[in-house]
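Structure below is run00.cif: mmCIF, C-alpha atoms.
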data_structure
#
loop_
_atom_site.label_atom_id
_atom_site.label_comp_id
_atom_site.auth_asym_id
_atom_site.auth_seq_id
_atom_site.Cartn_x
_atom_site.Cartn_y
_atom_site.Cartn_z
CA MET A 980 -21.42 -11.60 2.06
CA MET A 981 -18.70 -10.68 -0.37
CA LYS A 982 -18.86 -9.05 -3.78
CA VAL A 983 -15.93 -9.19 -6.16
CA PHE A 984 -14.84 -7.15 -9.13
CA ARG A 985 -12.08 -8.49 -11.36
CA CYS A 986 -10.09 -6.44 -13.79
CA PRO A 987 -8.07 -8.59 -16.21
CA ALA A 988 -4.30 -8.06 -16.38
CA ARG A 989 -4.30 -5.37 -13.70
CA HIS A 990 -2.99 -5.52 -10.17
CA GLY A 991 -4.83 -3.52 -7.57
CA TYR A 992 -2.72 -1.34 -5.31
CA ALA A 993 -5.16 0.85 -3.43
CA VAL A 994 -8.85 1.13 -2.84
CA GLU A 995 -10.63 4.08 -1.25
CA VAL A 996 -14.31 4.58 -0.41
CA SER A 997 -15.88 7.84 -1.59
CA PRO A 998 -16.52 10.35 1.23
CA PHE A 999 -19.74 11.36 -0.56
CA ILE A 1000 -21.27 8.26 -2.11
CA PRO A 1001 -21.47 5.24 0.21
CA ASN A 1002 -21.42 2.47 -2.41
CA ARG A 1003 -18.66 4.01 -4.55
CA VAL A 1004 -14.95 3.14 -4.41
CA ALA A 1005 -11.87 4.15 -6.41
CA CYS A 1006 -9.16 1.62 -7.19
CA ALA A 1007 -5.61 2.37 -8.36
CA ALA A 1008 -4.13 -0.48 -10.39
CA SER A 1009 -1.06 -1.35 -12.42
CA GLN A 1010 -0.12 -3.68 -15.23
CA HIS A 1011 2.75 -6.16 -14.83
CA TYR A 1012 3.06 -5.99 -11.03
CA GLY A 1013 3.74 -2.25 -11.19
CA ILE A 1014 7.20 -2.79 -12.68
CA ALA A 1015 6.39 -1.85 -16.25
CA GLY A 1016 3.48 -0.90 -18.39
CA ARG A 1017 0.38 1.12 -17.74
CA GLY A 1018 -1.83 2.01 -14.86
CA SER A 1019 -5.57 2.07 -14.50
CA LEU A 1020 -7.83 4.09 -12.28
CA LEU A 1021 -11.21 2.50 -11.72
CA VAL A 1022 -14.35 3.86 -10.12
CA LEU A 1023 -16.62 1.04 -8.99
CA GLU A 1024 -20.05 0.92 -7.49
CA GLU A 1025 -21.57 -1.77 -5.38
CA THR A 1026 -25.00 -2.79 -6.63
CA GLU A 1027 -27.51 -5.25 -5.24
CA THR A 1028 -26.09 -8.03 -7.35
CA GLY A 1029 -22.40 -7.26 -7.48
CA VAL A 1030 -19.89 -4.58 -8.35
CA SER A 1031 -20.15 -2.52 -11.51
CA LEU A 1032 -17.64 -0.32 -13.29
CA VAL A 1033 -18.63 3.35 -13.33
CA ARG A 1034 -15.57 4.71 -15.07
CA SER A 1035 -12.01 3.69 -15.89
CA TRP A 1036 -9.04 5.63 -17.15
CA GLN A 1037 -5.66 4.53 -18.45
CA TRP A 1038 -2.38 6.13 -17.49
CA GLY A 1039 1.03 5.65 -19.13
CA ASP A 1040 2.64 4.29 -15.96
CA GLY A 1041 1.54 2.19 -12.98
CA LEU A 1042 -0.74 3.80 -10.39
CA PHE A 1043 -0.04 3.02 -6.74
CA ASP A 1044 -2.42 5.10 -4.67
CA VAL A 1045 -5.61 7.12 -4.96
CA SER A 1046 -7.53 9.53 -2.73
CA TRP A 1047 -10.93 11.20 -3.08
CA SER A 1048 -11.37 14.94 -2.77
CA GLU A 1049 -13.02 15.91 0.50
CA ALA A 1050 -14.60 18.96 -1.15
CA ASN A 1051 -15.92 17.73 -4.50
CA GLU A 1052 -17.60 14.37 -5.12
CA HIS A 1053 -16.31 14.23 -8.71
CA VAL A 1054 -12.62 14.71 -8.03
CA LEU A 1055 -9.87 12.27 -7.11
CA VAL A 1056 -6.08 12.30 -7.13
CA ALA A 1057 -3.76 9.40 -8.03
CA GLY A 1058 0.00 8.86 -7.74
CA GLY A 1059 2.02 7.13 -10.43
CA GLY A 1060 5.22 5.25 -11.16
CA ASP A 1061 6.40 8.11 -13.36
CA GLY A 1062 6.56 10.45 -10.35
CA SER A 1063 3.36 12.25 -11.30
CA LEU A 1064 0.19 13.14 -9.46
CA GLN A 1065 -2.93 13.35 -11.58
CA LEU A 1066 -6.24 15.02 -10.78
CA TRP A 1067 -9.22 13.14 -12.26
CA ASP A 1068 -12.91 14.04 -12.63
CA THR A 1069 -15.53 11.28 -12.68
CA ALA A 1070 -18.11 13.39 -14.48
CA ASN A 1071 -17.05 13.73 -18.05
CA HIS A 1072 -13.40 13.60 -18.96
CA ASN A 1073 -11.26 11.02 -20.68
CA ALA A 1074 -8.03 12.55 -19.49
CA PRO A 1075 -6.95 13.97 -16.14
CA LEU A 1076 -7.72 17.61 -15.40
CA ARG A 1077 -4.21 18.24 -14.21
CA VAL A 1078 -0.86 16.47 -14.06
CA ALA A 1079 1.88 17.56 -11.66
CA LYS A 1080 5.30 16.07 -12.15
CA GLU A 1081 7.77 17.15 -9.50
CA HIS A 1082 8.73 13.92 -7.77
CA THR A 1083 11.72 12.29 -9.45
CA GLN A 1084 10.67 8.72 -8.61
CA GLU A 1085 7.56 6.64 -8.01
CA VAL A 1086 4.75 8.33 -6.08
CA TYR A 1087 3.57 5.63 -3.68
CA SER A 1088 1.06 7.57 -1.61
CA VAL A 1089 -1.46 10.38 -1.96
CA ASP A 1090 -3.90 11.67 0.65
CA TRP A 1091 -6.48 14.45 0.77
CA SER A 1092 -6.75 16.36 4.07
CA GLN A 1093 -9.89 15.84 6.14
CA THR A 1094 -9.55 18.51 8.81
CA ARG A 1095 -11.97 21.44 8.75
CA GLY A 1096 -11.04 24.53 6.81
CA GLU A 1097 -8.22 22.78 5.03
CA ASN A 1098 -8.09 21.40 1.53
CA LEU A 1099 -4.65 20.02 0.80
CA ILE A 1100 -3.06 17.00 -0.89
CA VAL A 1101 0.05 15.26 0.42
CA SER A 1102 2.18 12.88 -1.65
CA GLY A 1103 5.00 10.53 -0.65
CA SER A 1104 7.61 9.28 -3.08
CA TRP A 1105 10.48 6.88 -3.54
CA ASP A 1106 12.60 10.05 -4.03
CA GLN A 1107 12.46 10.23 -0.19
CA THR A 1108 10.45 13.46 -0.13
CA ALA A 1109 6.86 14.30 0.73
CA LYS A 1110 5.14 17.20 -1.02
CA VAL A 1111 2.07 19.20 -0.09
CA TRP A 1112 -0.18 20.55 -2.85
CA ASP A 1113 -3.18 22.82 -3.24
CA PRO A 1114 -6.33 21.05 -4.49
CA ALA A 1115 -5.79 22.29 -8.05
CA LEU A 1116 -2.37 20.59 -8.17
CA SER A 1117 -0.83 23.72 -9.66
CA GLN A 1118 2.54 23.65 -7.91
CA SER A 1119 3.69 22.02 -4.71
CA LEU A 1120 3.37 24.33 -1.70
CA THR A 1121 6.18 22.71 0.23
CA THR A 1122 8.63 19.81 0.04
CA LEU A 1123 9.48 17.91 3.21
CA ARG A 1124 12.85 16.20 3.49
CA GLY A 1125 14.26 14.02 6.23
CA HIS A 1126 13.51 10.41 5.46
CA GLU A 1127 16.58 8.38 4.54
CA GLY A 1128 14.65 5.78 2.60
CA VAL A 1129 11.75 5.64 0.19
CA ILE A 1130 8.42 6.94 1.48
CA TYR A 1131 5.61 4.39 1.23
CA SER A 1132 2.84 6.18 3.07
CA THR A 1133 1.70 9.73 3.88
CA ILE A 1134 -1.54 10.27 5.84
CA TRP A 1135 -3.07 13.49 7.15
CA SER A 1136 -4.05 13.64 10.79
CA PRO A 1137 -7.86 13.65 10.95
CA HIS A 1138 -7.67 16.04 13.91
CA ILE A 1139 -4.55 18.22 13.87
CA PRO A 1140 -4.52 20.84 11.06
CA GLY A 1141 -1.45 20.85 8.82
CA CYS A 1142 -0.12 17.63 10.31
CA PHE A 1143 0.59 14.36 8.55
CA ALA A 1144 2.39 11.10 9.31
CA SER A 1145 4.75 9.28 6.96
CA ALA A 1146 6.15 5.74 6.89
CA SER A 1147 9.42 4.89 5.20
CA GLY A 1148 11.85 2.22 4.12
CA ASP A 1149 14.28 3.79 6.61
CA GLY A 1150 12.29 2.15 9.43
CA THR A 1151 10.97 5.42 10.87
CA LEU A 1152 7.51 6.86 11.34
CA ARG A 1153 7.64 10.65 11.08
CA ILE A 1154 5.16 13.34 12.07
CA TRP A 1155 5.33 16.56 10.05
CA ASP A 1156 4.08 20.10 10.55
CA VAL A 1157 3.34 21.67 7.19
CA LYS A 1158 3.22 25.30 8.37
CA SER A 1159 6.77 25.25 9.63
CA ALA A 1160 7.79 22.64 7.01
CA ALA A 1161 9.44 20.65 9.76
CA CYS A 1162 9.57 17.10 11.06
CA ARG A 1163 8.11 17.20 14.60
CA LEU A 1164 8.85 13.62 15.57
CA ALA A 1165 10.84 10.72 14.13
CA VAL A 1166 10.01 7.36 15.69
CA PRO A 1167 12.35 4.42 14.98
CA ALA A 1168 9.24 2.26 14.88
CA HIS A 1169 10.55 -0.95 13.28
CA LYS A 1170 13.93 -2.49 12.51
CA ALA A 1171 12.67 -3.07 8.98
CA GLU A 1172 10.90 -1.16 6.22
CA ILE A 1173 7.57 0.39 7.20
CA LEU A 1174 5.09 0.12 4.35
CA ASN A 1175 2.11 1.92 5.84
CA CYS A 1176 0.69 3.96 8.69
CA ASP A 1177 -2.67 5.35 9.79
CA TRP A 1178 -4.15 7.62 12.45
CA CYS A 1179 -6.72 6.60 15.05
CA LYS A 1180 -9.92 8.50 14.36
CA TYR A 1181 -10.90 8.94 18.01
CA ASP A 1182 -7.57 9.77 19.68
CA GLN A 1183 -5.33 12.32 18.00
CA ASN A 1184 -2.18 10.86 19.55
CA ILE A 1185 -2.51 7.29 18.29
CA VAL A 1186 -0.85 6.07 15.08
CA ALA A 1187 -0.40 2.51 13.76
CA THR A 1188 2.49 1.29 11.59
CA GLY A 1189 2.67 -1.85 9.43
CA SER A 1190 6.07 -3.26 8.52
CA VAL A 1191 7.86 -5.96 6.52
CA ASP A 1192 8.81 -7.40 9.95
CA CYS A 1193 5.23 -8.81 9.90
CA SER A 1194 4.08 -6.72 12.86
CA VAL A 1195 1.65 -3.86 13.29
CA CYS A 1196 2.69 -1.45 16.06
CA VAL A 1197 0.34 1.03 17.70
CA TRP A 1198 2.05 4.19 18.98
CA ASP A 1199 1.05 6.91 21.41
CA LEU A 1200 2.92 9.95 20.11
CA ARG A 1201 3.24 11.36 23.62
CA ASN A 1202 5.51 8.48 24.58
CA VAL A 1203 7.17 6.62 21.74
CA ARG A 1204 9.80 4.71 23.69
CA GLN A 1205 7.74 1.61 23.15
CA PRO A 1206 4.53 0.83 21.29
CA VAL A 1207 1.19 0.74 23.08
CA ASN A 1208 0.72 -2.67 21.53
CA GLN A 1209 2.42 -4.89 18.97
CA LEU A 1210 0.03 -6.92 16.85
CA LEU A 1211 1.55 -10.23 15.77
CA GLY A 1212 0.10 -12.89 13.51
CA HIS A 1213 0.78 -11.97 9.90
CA THR A 1214 3.39 -14.21 8.31
CA TYR A 1215 4.57 -11.82 5.60
CA ALA A 1216 5.07 -8.10 5.14
CA ILE A 1217 2.14 -5.85 6.03
CA ARG A 1218 1.10 -3.72 3.11
CA ARG A 1219 -1.60 -1.50 4.60
CA VAL A 1220 -3.17 -0.63 7.95
CA LYS A 1221 -6.39 1.29 8.51
CA PHE A 1222 -8.17 2.34 11.67
CA SER A 1223 -11.91 1.83 11.84
CA PRO A 1224 -13.96 4.99 11.33
CA PHE A 1225 -16.40 3.72 13.95
CA SER A 1226 -14.34 2.36 16.79
CA LYS A 1227 -11.43 3.86 18.71
CA THR A 1228 -9.43 0.68 19.13
CA THR A 1229 -10.31 -1.38 16.03
CA LEU A 1230 -8.01 -1.54 13.04
CA ALA A 1231 -7.47 -3.75 10.00
CA SER A 1232 -4.27 -4.81 8.27
CA CYS A 1233 -3.59 -6.57 4.99
CA SER A 1234 -0.50 -8.49 4.13
CA TYR A 1235 1.53 -10.34 1.54
CA ASP A 1236 0.41 -13.48 3.42
CA PHE A 1237 -2.91 -13.13 1.50
CA THR A 1238 -4.93 -12.29 4.59
CA VAL A 1239 -6.77 -9.32 6.04
CA ARG A 1240 -6.75 -9.24 9.85
CA PHE A 1241 -8.86 -7.26 12.26
CA TRP A 1242 -7.49 -6.18 15.62
CA ASP A 1243 -8.54 -4.49 18.84
CA TYR A 1244 -5.29 -2.99 20.11
CA SER A 1245 -6.66 -2.41 23.62
CA ARG A 1246 -6.88 -6.15 24.29
CA ASN A 1247 -4.20 -8.54 25.47
CA GLN A 1248 -5.32 -10.93 22.73
CA PRO A 1249 -5.77 -8.29 20.06
CA LEU A 1250 -6.59 -10.46 17.02
CA LEU A 1251 -10.33 -10.31 16.33
CA ASP A 1252 -10.61 -11.99 12.95
CA THR A 1253 -8.62 -13.27 9.97
CA VAL A 1254 -10.05 -13.21 6.45
CA GLU A 1255 -8.28 -15.56 4.06
CA HIS A 1256 -10.19 -15.59 0.83
CA HIS A 1257 -7.63 -13.77 -1.28
CA SER A 1258 -5.42 -15.89 -3.49
CA GLU A 1259 -2.91 -13.11 -3.99
CA PHE A 1260 -1.19 -10.36 -2.05
CA VAL A 1261 -3.67 -7.95 -0.55
CA CYS A 1262 -2.52 -4.37 -1.11
CA GLY A 1263 -5.46 -2.05 -0.69
CA LEU A 1264 -7.92 -1.80 2.15
CA ASP A 1265 -10.59 0.60 3.30
CA PHE A 1266 -13.47 0.76 5.73
CA ASN A 1267 -16.74 2.10 4.45
CA LEU A 1268 -17.26 5.46 6.13
CA HIS A 1269 -21.00 5.29 5.85
CA ILE A 1270 -21.85 1.66 6.45
CA PRO A 1271 -20.46 0.08 9.61
CA HIS A 1272 -18.79 -3.34 9.18
CA GLN A 1273 -18.22 -2.95 5.45
CA VAL A 1274 -14.61 -3.28 4.32
CA THR A 1275 -13.18 -3.12 0.82
CA HIS A 1276 -9.86 -4.56 -0.25
CA THR A 1277 -7.88 -5.12 -3.40
CA HIS A 1278 -5.11 -7.49 -4.41
CA THR A 1279 -2.20 -7.26 -6.76
CA HIS A 1280 -3.54 -9.96 -8.99
CA THR A 1281 -6.85 -10.56 -10.58
CA HIS A 1282 -7.06 -14.31 -11.02
CA PRO A 1283 -9.66 -16.08 -8.89
CA MET B 774 18.75 -0.52 -5.78
CA CYS B 775 17.98 -1.41 -9.38
CA LEU B 776 16.09 -4.53 -10.33
CA ARG B 777 19.16 -6.31 -11.59
CA GLU B 778 21.02 -5.83 -8.29
CA MET B 779 17.97 -6.90 -6.35
CA GLU B 780 17.48 -10.06 -8.34
CA ALA B 781 21.16 -10.89 -7.88
CA VAL B 782 20.69 -10.69 -4.11
CA PHE B 783 17.60 -12.91 -4.33
CA LEU B 784 19.46 -15.51 -6.40
CA ARG B 785 22.39 -15.47 -3.97
CA PHE B 786 19.95 -15.95 -1.11
CA ASP B 787 18.26 -18.86 -2.89
CA SER B 788 21.60 -20.56 -3.46
CA PHE B 789 23.10 -19.79 -0.05
CA ASP B 790 24.32 -22.90 1.74
CA PHE B 791 22.42 -22.64 5.02
CA GLU B 792 23.25 -26.29 5.81
CA ALA B 793 26.94 -25.47 5.98
CA ASP B 794 26.65 -22.32 8.05
CA ARG B 795 27.30 -23.01 11.72
CA ARG B 796 25.75 -19.84 13.04
CA PHE B 797 22.56 -20.59 11.15
CA GLN B 798 22.47 -24.22 12.29
CA ASP B 799 22.93 -23.11 15.91
CA GLY B 800 20.00 -20.75 15.53
CA LEU B 801 17.98 -23.55 14.00
CA LYS B 802 18.53 -25.75 17.06
CA ASP B 803 16.96 -23.05 19.22
CA LEU B 804 14.01 -22.85 16.86
CA LYS B 805 13.48 -26.62 16.99
CA LYS B 806 13.51 -26.49 20.78
CA SER B 807 10.54 -24.16 20.59
CA LYS B 808 8.57 -26.90 18.75
CA ASN B 809 7.47 -24.37 16.25
CA SER B 810 9.61 -25.30 13.28
CA SER B 811 7.19 -24.96 10.41
CA GLU B 812 8.40 -24.47 6.84
CA GLU B 813 7.31 -20.88 7.06
CA LYS B 814 9.23 -20.22 10.26
CA LEU B 815 12.30 -21.81 8.74
CA HIS B 816 12.01 -19.59 5.70
CA GLU B 817 11.55 -16.52 7.88
CA LEU B 818 14.60 -17.49 9.90
CA LYS B 819 16.66 -17.88 6.73
CA LEU B 820 15.65 -14.43 5.54
CA PHE B 821 16.32 -12.89 8.93
CA PHE B 822 19.70 -14.57 9.19
CA TYR B 823 20.75 -13.71 5.65
CA ASN B 824 19.78 -10.07 6.07
CA ARG B 825 21.64 -9.82 9.34
CA PHE B 826 24.83 -11.74 8.62
CA VAL B 827 25.32 -12.01 4.87
CA GLU B 828 23.93 -8.97 3.06
CA PRO B 829 20.85 -6.80 3.20
CA ILE B 830 17.90 -8.42 1.48
CA ASP B 831 14.60 -6.68 0.97
CA ARG B 832 12.16 -9.30 2.19
CA HIS B 833 9.20 -7.41 0.83
CA SER B 834 10.53 -7.56 -2.73
CA TYR B 835 11.97 -11.02 -2.27
CA THR B 836 8.56 -12.40 -1.37
CA HIS B 837 7.05 -10.81 -4.41
CA TRP B 838 9.87 -12.01 -6.61
CA SER B 839 10.10 -15.58 -5.38
CA CYS B 840 6.36 -15.99 -5.40
CA ALA B 841 6.13 -15.02 -9.04
CA SER B 842 9.35 -16.67 -10.12
CA PRO B 843 8.96 -19.68 -12.45
CA ARG B 844 11.18 -21.65 -10.09
CA GLY B 845 8.51 -21.18 -7.46
CA THR B 846 10.48 -21.16 -4.23
CA ALA B 847 7.63 -19.87 -2.10
CA ARG B 848 4.54 -21.79 -1.19
CA ASP B 849 0.98 -21.47 -2.34
CA CYS B 850 1.62 -19.28 -5.29
CA ASP B 851 -0.75 -20.00 -8.08
CA THR B 852 0.51 -17.21 -10.27
CA THR B 853 3.67 -18.86 -11.58
CA ASP B 854 2.02 -20.49 -14.55
CA THR B 855 1.44 -18.56 -17.70
CA ARG B 856 -2.20 -19.17 -18.35
CA THR B 857 -4.03 -17.28 -21.01
CA GLU B 858 -6.25 -14.50 -19.80
CA PRO B 859 -9.37 -14.22 -21.96
CA SER B 860 -9.19 -10.51 -21.61
CA ALA B 861 -10.79 -7.98 -23.85
CA ASP B 862 -8.11 -5.65 -22.63
CA THR B 863 -4.95 -7.31 -23.86
CA GLN B 864 -5.58 -10.81 -25.20
CA GLN B 865 -2.13 -11.84 -24.12
CA LYS B 866 -0.52 -14.26 -21.76
CA GLN B 867 -0.12 -13.22 -18.15
CA LEU B 868 3.58 -12.75 -17.47
CA SER B 869 5.12 -13.78 -14.18
CA PHE B 870 6.83 -11.20 -11.96
CA ALA B 871 10.26 -12.61 -12.87
CA GLU B 872 9.49 -12.61 -16.59
CA VAL B 873 8.50 -8.95 -16.45
CA MET B 874 11.66 -8.16 -14.48
CA ARG B 875 13.83 -9.88 -17.03
CA LEU B 876 12.23 -8.03 -19.94
CA VAL B 877 12.73 -4.71 -18.18
CA GLN B 878 16.34 -5.51 -17.30
CA ASP B 879 17.13 -6.48 -20.87
CA GLY B 880 15.60 -3.24 -22.08
CA GLN B 881 12.94 -5.12 -24.04
CA GLU B 882 9.41 -4.02 -24.68
CA VAL B 883 6.92 -5.53 -22.25
CA PRO B 884 3.92 -6.86 -24.20
CA GLY B 885 0.83 -4.72 -23.93
CA GLY B 886 2.91 -1.94 -22.46
CA ALA B 887 3.20 0.22 -25.56
CA LYS B 888 3.75 3.82 -24.58
CA LEU B 889 0.62 5.68 -23.73
CA GLU B 890 0.76 9.47 -23.71
CA VAL B 891 -2.10 11.00 -21.77
CA LYS B 892 -2.25 14.79 -21.74
CA PRO B 893 -4.18 16.77 -19.11
CA THR B 894 -7.17 18.77 -20.27
CA ASN B 895 -6.42 21.63 -17.84
CA GLN B 896 -10.17 22.11 -17.42
CA ASN B 897 -11.79 23.00 -14.13
CA PRO B 898 -13.44 20.26 -12.10
CA THR B 899 -17.15 19.64 -12.51
CA GLU B 900 -18.94 21.77 -9.94
CA SER B 901 -19.75 19.97 -6.73
CA GLN B 902 -23.41 19.47 -5.96
CA MET B 903 -23.17 17.42 -2.82
CA GLU B 904 -22.60 18.42 0.77
CA ARG B 905 -19.78 16.46 2.27
CA ARG B 906 -21.05 14.06 4.90
CA LEU B 907 -19.68 14.28 8.40
CA LYS B 908 -17.24 11.53 9.24
CA PRO B 909 -18.44 9.05 11.85
CA TRP B 910 -15.94 10.48 14.34
CA GLU B 911 -17.23 14.02 13.74
CA THR B 912 -20.83 13.19 14.62
CA CYS B 913 -20.40 11.72 18.07
CA GLY B 914 -19.13 14.86 19.74
CA SER B 915 -15.67 13.48 20.44
#

As structure tokens, the full file:
Amino acid sequence: MMKVFRCPARHGYAVEVSPFIPNRVACAASQHYGIAGRGSLLVLEETETGVSLVRSWQWGDGLFDVSWSEANEHVLVAGGGDGSLQLWDTANHNAPLRVAKEHTQEVYSVDWSQTRGENLIVSGSWDQTAKVWDPALSQSLTTLRGHEGVIYSTIWSPHIPGCFASASGDGTLRIWDVKSAACRLAVPAHKAEILNCDWCKYDQNIVATGSVDCSVCVWDLRNVRQPVNQLLGHTYAIRRVKFSPFSKTTLASCSYDFTVRFWDYSRNQPLLDTVEHHSEFVCGLDFNLHIPHQVTHTHTHTHP
Amino acid sequence: MCLREMEAVFLRFDSFDFEADRRFQDGLKDLKKSKNSSEEKLHELKLFFYNRFVEPIDRHSYTHWSCASPRGTARDCDTTDTRTEPSADTQQKQLSFAEVMRLVQDGQEVPGGAKLEVKPTNQNPTESQMERRLKPWETCGS
């Protein structure tokens, strides 16, 4: 069964399931394909009959990514085309709680750390830097430089404290250590731009990358000379990859070829399923953390 | 690379004479041998070839651009028309990707995109009342 929410004149870029409330998702969206105009942040809830809008906010520039706080069910952070991060509160405010503007170009990724005893935000920008922030977004704690292209994706390791992965237009996947503010590993993962990456939830050494070369590669960080597996099938650039929260070897990818594909990277024939009901580019994707087999995705366009 | 430069590359790619390029035609013969010469494969090959031998082309943006372009070079794109969106939000026509690009390049106002200044409240977050649930991978003792 599939439930759909359409927001007129907005293009969805990211969708993230709440860590607290199983039927709640946040969606970052932009007007005019993210090139010009405003952004919207939507909080949606799945009901028995469909999907309903809980709250929506407008922002002066396009919004490209969103992440829920892991410590407070009301709070979420979004990244915008104006280089800003904004902290939002679902409970009662019309405006963001906080705005931090340090990046000089588009913020394309934000992520809230999930490891115990840590409460940090990481952002990745087209200005080629990643920044780490405290949860109040007061001032960035550190700025990480090294990528030679725009950063499309920054994701905290779910297991290793102070460690995140980044994917860049320079074709590398990088692993960073926040404490020493250093790049621990740079993997020339694709000969093309890498638009996204994600960590395996059951093996702290496994990371997947999705690229404009149409492939998803799965890497074991202990030996990066070649990927553990290369997942082929998409016919256009891969916009997002996510590992399943329930299974060690299952992951999903969505692509500019309008499909979402499910893979088991441990198999010789890794493709499990292809979902083709989108009529536009699929940009956002998330597994429901609470309900096995439920997946949410968003596309850049809102026409049926 | 700014939008104008990018679009120039895309237009050059669209008008590139692949028929007359020997290296490309040689590559094409190999592709045909593999009995897998779909339109899509051919298009992919053109992009690959162009990026490698002519000039760098960002395929990711090209796909987006050509798909939304009124000239409609890519397949199954139903977004090229400018249908009216009965939207309470804007009540305006849906612009194509290329139309928006052109407006931005020419420094013109994009309809419905009037400047919006949102100021932060600098308030503290609403107090949390929920315990965070354990992630599925935290519950199975792994």

Could you tell me which residues the PyMOL selection byres ((chain B and resi 796) around 12) grabs in this file, written as JSON, numbers by chain?
-> {"B": [790, 791, 792, 793, 794, 795, 797, 798, 799, 800, 801, 802, 803, 818, 819, 822, 823, 825, 826, 827]}

Selected by the PyMOL selection byres ((chain B and resi 899-912) around 9) in the shown coordinates: which residues, as a compact mmCIF listing (two decimals) with C-alpha atoms, in the coordinates of the input?
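And here's selection_16.txt as it stands now:
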# COMPACT_ATOMS: atom_id res chain seq x y z
CA PRO A 998 -16.52 10.35 1.23
CA PHE A 999 -19.74 11.36 -0.56
CA GLU A 1049 -13.02 15.91 0.50
CA ALA A 1050 -14.60 18.96 -1.15
CA ASN A 1051 -15.92 17.73 -4.50
CA GLU A 1052 -17.60 14.37 -5.12
CA HIS A 1053 -16.31 14.23 -8.71
CA VAL A 1054 -12.62 14.71 -8.03
CA ASP A 1068 -12.91 14.04 -12.63
CA THR A 1069 -15.53 11.28 -12.68
CA ALA A 1070 -18.11 13.39 -14.48
CA ASN A 1071 -17.05 13.73 -18.05
CA LYS A 1180 -9.92 8.50 14.36
CA TYR A 1181 -10.90 8.94 18.01
CA PRO A 1224 -13.96 4.99 11.33
CA PHE A 1225 -16.40 3.72 13.95
CA SER A 1226 -14.34 2.36 16.79
CA LEU A 1268 -17.26 5.46 6.13
CA HIS A 1269 -21.00 5.29 5.85
CA GLN B 896 -10.17 22.11 -17.42
CA ASN B 897 -11.79 23.00 -14.13
CA PRO B 898 -13.44 20.26 -12.10
CA CYS B 913 -20.40 11.72 18.07
CA GLY B 914 -19.13 14.86 19.74
CA SER B 915 -15.67 13.48 20.44

Looking at all atoms listed in the file, which of B:Ala781, B:Leu815, B:Leu820, B:Val891 is the one that sits closest to chain A?
-> B:Val891

Hey, could you pull the box centre and edge lengths for region 785-789 of chain B, axis-aligned, 8 Å padding per side, all listed atoms, to one decimal in Å, as lines of an AutoDock Vina configuration file?
center_x = 20.7
center_y = -18.0
center_z = -2.0
size_x = 20.8
size_y = 21.1
size_z = 19.9

Quick one: distance from CA of Glu1172 (chain A) to CA of Ile830 (chain B) in Å, one decimal?
-> 11.1 Å

Point out the residue among A:Gly1096, A:Trp1038, A:Asn1202, A:Gly1062 with the least atom-to-atom distance to Ala1074 (chain A), counting all atoms listed in the file.
-> A:Trp1038

Pull out every residue that the PyMOL selection byres ((chain A and resi 1168) around 8) matches in the shown coordinates and put them as a PyMOL selection string.
-> chain A and resi 1150-1152+1166-1167+1169-1170+1188+1196

Gap from CA of Thr1253 (chain A) to CA of Phe1241 (chain A) - Å, one decimal = 6.4 Å

Distance criterion (all atoms listed in the file): nearest to chain B out of A:Glu1085, A:Asp1149, A:Asp1192, A:Glu1255 |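 Among the listed residues, A:Asp1192 lies closest to chain B.
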
Name the residues in contact with Asn1073 (chain A) at a cut-off of 9 Å, using all atoms listed in the file, excluding same-chain residues fewer than 2 positions from it; report them as a short mmCIF file (atom, residue, chain, number, x, y, z; two decimals) with C-alpha atoms, in the coordinates of the input.
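File written: out-v8.cif
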data_model
loop_
_atom_site.label_atom_id
_atom_site.label_comp_id
_atom_site.auth_asym_id
_atom_site.auth_seq_id
_atom_site.Cartn_x
_atom_site.Cartn_y
_atom_site.Cartn_z
CA SER A 1035 -12.01 3.69 -15.89
CA TRP A 1036 -9.04 5.63 -17.15
CA GLN A 1037 -5.66 4.53 -18.45
CA TRP A 1067 -9.22 13.14 -12.26
CA ASP A 1068 -12.91 14.04 -12.63
CA ASN A 1071 -17.05 13.73 -18.05
CA PRO A 1075 -6.95 13.97 -16.14
CA THR B 894 -7.17 18.77 -20.27
#

Pairwise distance for CA of Cys1162 (chain A) and CA of Ala1109 (chain A), rounded to one decimal in Å | 11.0 Å

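Closest approach to Trp1047 (chain A) among A:Leu1020, A:Leu1064, A:Val1254, A:Ala1005: A:Ala1005, based on only C-alpha atoms.
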
With all atoms listed in the file as the basis for distance, which of A:Lys1221, A:Lys1227, A:Arg1124, A:Arg1163 is at the shortest distance from chain B?
->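 Of all the options, A:Lys1227 lies closest to chain B.
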
Take the point (8.6, -4.8, 1.0) in the file's coordinates, draw a sphere of radius 7 Å around it, and report as a ChimeraX atom specification every protein, DNA or RNA residue with an atom inside or on it, counting all atoms listed in the file.
-> /A:1172,1174,1191,1216 /B:831-834

May I ask which of the residues A:Ser1117, A:Thr1094, A:Val1022, A:Val1078 is the closest one to Gln1183 (chain A), counting all atoms listed in the file?
->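 Smallest distance to Gln1183 (chain A) is found for A:Thr1094.
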
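With only the atoms specified (only C-alpha atoms) counting, those residues at most 9 Å away from (-3.8, -1.2, 17.6) are Cys1179, Ile1185, Val1186, Ala1187, Val1195, Cys1196, Val1197, Trp1198, Val1207, Asn1208, Gln1209, Leu1210, Phe1222, Thr1228, Thr1229, Leu1230, Ala1231, Trp1242, Asp1243, Tyr1244, Ser1245, Arg1246 and Pro1249 of chain A.
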